[in-house]
Amino acid sequence: MRSPLQYRTNRRSVVSGLALLPVFSGSLLTVQASAQTSPSASPLSSWNDGASKQAILDFVRATTDPASPNRVPAEDRIAVFDQDGTLWVEHPIYSQVVYCLDRVPGLAEKDPKLRDVEPFKTVLSGNREAIAKLSLHELEKILFATLTGMSVDDFEAEVKKWLASAKDGRWKRPYTELIYQPMLELMQYLRSNGFKTYIVTGGGQDFVRVYSQQVYGIPPEQVVGTVAGTKYGYRKDGTPFLTKEPKLLLNDNDAGKPEGIHLMIGRRPYAAFGNSTGDREMLEWTGAGAGARLKMLLLHDDAAREYAYGPAQGLPDTKVGAFTPELYDEAKKEGWNVISMKNDWKRVFAFER
């Protein structure tokens, strides 16, 4: 995913799906997603037998078998996962962008003057076509207003509140239930074999950390994302707190992903998983290391169970999570595995029957 804080290079990714969404997604439904699978379930039970599943099994065997020449010491067993489009649904628009739009009414309630100020007036109107035409500068105003200017504790509380009530427009389920079951099984399988799993996302680091433990079984300290600045201060009663500031410290996308991995993890991964051009450098960086390395890209080619977009392999073009023909060619040239959602997965979501 491309960072929702970095719209200077990605405005089309944000606005292309807005007209397809209800502007506000409120409902009352408790977050119920879990990163755990049934204790009796076999590893990778939601995967069909094939090259992708076999590549995972072969990699784990090669890196963990004491007799293997490619065995990796336990402390070096690092696996990194992009989030949007790799672990959960990213279409028709990123969930964090929906959160930002949903936060506008609350801002206007606290500051009624915003009702007559653009771009907040347009968002509050509910006119999806008008929202899709907002300028880059106007979008940045919404992002900075909804993602900064509050304490980190208040931000966490707001995100938790939103996750407990917001629903996706297609499935009418909480966003945290739109997790790909095969990827949950993969993360759990890697962890059961001594790997430490990290999320490396272009999304906001603080946003993902709110639910990463509950949803993916990944603690917040193992989330690397786009990071804004914070400022230390004191409340009137002397209690210290941190305020989120509109200052970008790390854009964790494209080349920012290996940079973020080095900064936050300090070890080159042995396995990396993504789905778009924003993950290219992360897979390149992983593959540049010695020994057995697993590099995998998820191709969304299942319009019936999820979505179909590329434009690789003749799939519909998209500006949200694009998997280009150039990326597909690089994957084939470098020996990266391309996961077909349609062919490699028995089921996409845990709620499928």
# chains A, B, ... in the order shown; residues from 1 in each chain; ligands from 1
$ select_by_dssp --residues "range 143-269 of chain A" --states "strand (DSSP E or B)" --output "number ranges by chain"
A: 151, 166, 179-180, 196-204, 223-234, 240-250
$ closest_atom_pairs --of "range 74-192 of chain A" --to "range 303-316 of chain A" --cutoff "12 Å" --atoms "only C-alpha atoms" --output "CSV"
residue,atom,partner,partner_atom,distance
A:Gly85,CA,A:Tyr307,CA,10.1
A:Trp88,CA,A:Glu306,CA,10.4
A:Val89,CA,A:Glu306,CA,8.0
A:Glu90,CA,A:Tyr307,CA,9.5
A:His91,CA,A:Tyr307,CA,7.4
A:Pro92,CA,A:Tyr307,CA,8.9
A:Ile93,CA,A:Tyr307,CA,12.0
A:Arg170,CA,A:Glu306,CA,9.8
A:Trp171,CA,A:Glu306,CA,9.9
A:Leu178,CA,A:Glu306,CA,9.7
A:Ile179,CA,A:Glu306,CA,11.1
A:Tyr180,CA,A:Glu306,CA,10.0
$ residues_around --residues "range 287-292 of chain A" --least-positions-apart "5" --cutoff "8 Å" --atoms "only C-alpha atoms" --output "list in words"
Phe59, Ala62, Thr63, Asn70, Arg268 and Tyr270 of chain A
$ closest_atom_pairs --of "range 116-222 of chain A" --to "range 250-261 of chain A" --cutoff "10 Å" --atoms "only C-alpha atoms" --output "tab-separated table"
residue	atom	partner	partner_atom	distance
A:Tyr198	CA	A:Ile261	CA	9.4
A:Ile199	CA	A:Ile261	CA	9.9
A:Val200	CA	A:Lys257	CA	6.7
A:Thr201	CA	A:Asp252	CA	6.2
A:Gly202	CA	A:Asp252	CA	4.7
A:Gly203	CA	A:Asp252	CA	7.6
A:Gly204	CA	A:Asp252	CA	8.7
A:Gln205	CA	A:Asp252	CA	9.0
$ write_last_selection --atoms "N, CA and C atoms" --output "PDB file, in the first residue's frame"
ATOM      1  N   TYR A 198       6.595  -9.769  11.026  1.00  0.00           N
ATOM      2  CA  TYR A 198       6.445  -8.317  11.092  1.00  0.00           C
ATOM      3  C   TYR A 198       5.479  -7.852  10.005  1.00  0.00           C
ATOM      4  N   ILE A 199       4.740  -6.801  10.304  1.00  0.00           N
ATOM      5  CA  ILE A 199       3.986  -6.089   9.275  1.00  0.00           C
ATOM      6  C   ILE A 199       4.828  -4.904   8.841  1.00  0.00           C
ATOM      7  N   VAL A 200       5.029  -4.749   7.533  1.00  0.00           N
ATOM      8  CA  VAL A 200       5.759  -3.613   6.982  1.00  0.00           C
ATOM      9  C   VAL A 200       4.828  -2.964   5.961  1.00  0.00           C
ATOM     10  N   THR A 201       4.214  -1.860   6.352  1.00  0.00           N
ATOM     11  CA  THR A 201       3.107  -1.297   5.591  1.00  0.00           C
ATOM     12  C   THR A 201       3.298   0.180   5.266  1.00  0.00           C
ATOM     13  N   GLY A 202       2.734   0.584   4.125  1.00  0.00           N
ATOM     14  CA  GLY A 202       2.706   2.003   3.805  1.00  0.00           C
ATOM     15  C   GLY A 202       1.658   2.743   4.606  1.00  0.00           C
ATOM     16  N   GLY A 203       0.777   2.002   5.274  1.00  0.00           N
ATOM     17  CA  GLY A 203      -0.234   2.616   6.129  1.00  0.00           C
ATOM     18  C   GLY A 203       0.375   3.203   7.384  1.00  0.00           C
ATOM     19  N   GLY A 204      -0.439   3.944   8.100  1.00  0.00           N
ATOM     20  CA  GLY A 204       0.040   4.593   9.317  1.00  0.00           C
ATOM     21  C   GLY A 204       0.422   3.584  10.389  1.00  0.00           C
ATOM     22  N   GLN A 205       1.614   3.713  10.913  1.00  0.00           N
ATOM     23  CA  GLN A 205       2.113   2.774  11.913  1.00  0.00           C
ATOM     24  C   GLN A 205       1.230   2.762  13.154  1.00  0.00           C
TER      25      GLN A 205
END
$ residues_around --residues "Gln54 in chain A" --least-positions-apart "3" --cutoff "12 Å" --atoms "only C-alpha atoms" --output "list in words"
Pro43, Leu44, Trp47, Asn48, Asp49, Gly50, Ala51, Leu57, Asp58, Phe59, Val60, Arg61, Ala62, Leu294, Asn337, Ile339 and Asp344 of chain A
$ closest_residue --among "A:Asp84, A:Glu177, A:Asp65, A:Asp153" --to "His300 in chain A" --atoms "only C-alpha atoms"
A:Asp84
$ select_by_dssp --residues "range 95-262 of chain A" --states "helix (DSSP H, G or I)" --output "ChimeraX atom specification"
/A:95-110,112-116,120-125,128-132,136-147,152-163,175-177,181-192,205-209,212-216,220-222,256-262
$ atom_distance --atom1 "CA of Thr197 in chain A" --atom2 "CA of Leu327 in chain A"
24.1 Å
$ atom_distance --atom1 "CA of Pro219 in chain A" --atom2 "CA of Phe323 in chain A"
28.6 Å
$ residues_around --residues "Gly194 in chain A" --least-positions-apart "4" --cutoff "12 Å" --atoms "only C-alpha atoms" --output "count of residues only"
18
$ closest_residue --among "A:Thr230, A:Thr176, A:Thr122, A:Gln181" --to "Glu352 in chain A" --atoms "only C-alpha atoms"
A:Gln181
$ atom_distance --atom1 "CA of Lys295 in chain A" --atom2 "CA of Gly278 in chain A"
14.2 Å
$ residues_around --residues "Met264 in chain A" --least-positions-apart "6" --cutoff "9 Å" --atoms "only C-alpha atoms" --output "list in words"
Gln222, Val223 and Val224 of chain A
$ write_last_selection --atoms "N, CA and C atoms" --output "mmCIF file, in the first residue's frame"
data_model
loop_
_atom_site.group_PDB
_atom_site.id
_atom_site.type_symbol
_atom_site.label_atom_id
_atom_site.label_comp_id
_atom_site.auth_asym_id
_atom_site.auth_seq_id
_atom_site.Cartn_x
_atom_site.Cartn_y
_atom_site.Cartn_z
ATOM 1 N N GLN A 222 6.131 -4.949 16.498
ATOM 2 C CA GLN A 222 6.535 -5.615 15.270
ATOM 3 C C GLN A 222 5.747 -5.097 14.064
ATOM 4 N N VAL A 223 5.266 -3.871 14.178
ATOM 5 C CA VAL A 223 4.619 -3.184 13.063
ATOM 6 C C VAL A 223 5.511 -2.030 12.625
ATOM 7 N N VAL A 224 5.908 -2.050 11.360
ATOM 8 C CA VAL A 224 6.699 -0.971 10.774
ATOM 9 C C VAL A 224 5.809 -0.302 9.724
#
$ closest_residue --among "A:Met296, A:Leu143, A:Val210, A:Leu134" --to "Phe273 in chain A" --atoms "only C-alpha atoms"
A:Met296
$ closest_residue --among "A:Leu248, A:Ala228, A:Val348, A:Val208" --to "Leu163 in chain A" --atoms "only C-alpha atoms"
A:Val208
$ residues_around --residues "Trp162 in chain A" --least-positions-apart "3" --cutoff "8 Å" --atoms "only C-alpha atoms" --output "list of chain:residue names"
A:Gly26, A:Tyr99, A:Glu158, A:Val159, A:Ser165, A:Ala166
